[in-house]
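Visitor: Sharing a structure below in structure tokens format, with a few things to ask.
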Amino acid sequence: MTQRLNGKIAVITGATSGIGLATAKRFAAEGARLFITGRRADVLEKAVAEIGGDVTGIQADSSKLSDLDRLYAEVKEKAGRIDVLFVNAGGGSFAPIGEITEEQYDDTFGRNVKGVLFTVQKALPLLAKGSSVILTGSTAGSTGTAAFSVYAASKAAIRNFSRNWILDLKGRGIRINTLSPGPTETTGLVELAGPGKAEQQGLLDYLSSQVPMGRVGHADEIAAAALFLASDDSSFVTGAELFADGGIAQV
């Protein structure tokens with residue numbers, strides 16, 4: 001590896017599987033000291049062992065402000081600053097208009113909007129000059145998908161957070177960008193189709209047929225894009241949305 005994050009302190013929320021876990025592995029290989037979060041203690045412990053290197057796991061639910069306070073208290077005590085903040089925790093589920101429930105709305109917006117807002121806001125005292133904040137968006141935020149409007153709306157909000165926050169933080173030298181993956185083969189994606197293997201493969205096959213590159217993405221490919229935004233290679237990039245989507249939102 002190129003050690004592009006050597007000496008940097010990185011915090012990644014939702015890093016126990018999929019894109020978050022792949023990015024944590026890549027950041028660790030590139031020399032970062034890591035603090036990662038997950039909601040389940042057993043899964044978090046397994047992820048820490050799998051990542052290896054200088055990584056601290058902190059059990060936290062990003063939609064709970066007390067958990068965020070505990071996260072940043074530990075980061076402050078052990079590292080004193082944050083150079084890279086990858087706000088990746090989130091999720092969603094399918095429901096067409098007419099069947100959307102208050103519970104689904106609150107869960108999706110709590111994780112994807114409230115959680116992102118306060119993850120960034122509570123990190124501000126620790127974010128160093130020249131630091132990079134990466135928000136996980138989605139192609140769903142700029143395209144239409146049947147029965148996915150609540151999730152899509154939450155990701156559209158993420159995109160607009162970055163546009164506005166770079167103005168609020170002008171002069172602090174903090175870069176904020178949105179990384180928007182297309183369909184990526186992760187546990188979170190395939191489980192949207194249900195527990196059956198045939199249904200999950202059917203979803204992947206359908207999504208592959210919609211992507212101009214003819215396949216879904218791999219978590220490692222999204223991690224490579226996150227590395228670009230985290231590193232000094234993107235030192236003049238802020239307020240942008242980087243699509244890593246095989247072209248699905250570009251046509």
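Labels for the structure tokens follow display order: chains A, B, ..., residues from 1 in each chain, ligands from 1.
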Region 3-251 of chain A: which residues are strand (DSSP E) by DSSP, as number ranges by chain?
Guide: A: 9-12, 33-38, 55-59, 82-87, 127-136, 175-181, 241-244
Visitor: Tell me, as a VMD selection string, which residues lie within 10 Å of Val116 (chain A), counting only C-alpha atoms; anything in the same chain fewer than 4 positions away does not count.
Guide: chain A and resid 13 62 to 63 87 to 90 109 to 112 120 to 121 135 to 136 157 to 158 161
Visitor: Give me the residues near Leu68 (chain A) as JSON, numbers by chain, where near means some atom within 12 Å (using only C-alpha atoms) and where sequence neighbours in that chain fewer than 5 positions away do not count.
Guide: {"A": [11, 13, 36, 37, 38, 39, 58, 59, 60, 61, 62, 63, 73, 74, 75, 87, 114, 115, 116, 117, 118, 119, 120, 121, 122, 123]}
Visitor: At a cut-off of 12 Å, using only C-alpha atoms, what residues contact region 190-196 of chain A? Leave out same-chain residues fewer than 4 positions from it and give the result as an NGL selection string.
Guide: :A and (18 or 91-95 or 147-148 or 183-186 or 200-207 or 216)
Visitor: Near Lys129 (chain A), within 12 Å and counting only C-alpha atoms, which residues show up once chain neighbours fewer than 5 positions away are dropped, as a VMD selection string?
Guide: chain A and resid 81 to 84 124 169 to 175 235
Visitor: Please indicate the distance in Å from CA of Ala29 (chain A) to CA of Ser231 (chain A), rounded to one decimal place.
Guide: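 According to the coordinates, CA of Ala29 (chain A) and CA of Ser231 (chain A) are separated by 13.1 Å.
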Visitor: Could you please write out, as a ChimeraX atom specification, every residue of region 9-237 of chain A that DSSP assigns to alpha helix (DSSP H)?
Guide: /A:18-29,41-51,65-78,102-109,115-121,149-168,187-190,197-210,219-230
Visitor: For Gly31 (chain A), which residue out of A:Asp54, A:Asp67, A:Asp245, A:Glu77 is the nearest one, using only C-alpha atoms?
Guide: A:Asp54
Visitor: Go ahead and compute the interatomic distance for CA of Asn6 (chain A) and CA of Lys76 (chain A), in Å to one decimal.
Guide: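 Separation of CA of Asn6 (chain A) and CA of Lys76 (chain A): 19.0 Å.
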Visitor: Using Å and a single decimal, report how far CA of Ala230 (chain A) sits from CA of Ala79 (chain A).
Guide: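 Rounded to one decimal, the two atoms are 17.7 Å apart.
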Visitor: For Leu229 (chain A), which residue out of A:Gly247, A:Gly130, A:Gly98, A:Pro212 is the nearest one, using only C-alpha atoms?
Guide: A:Gly130
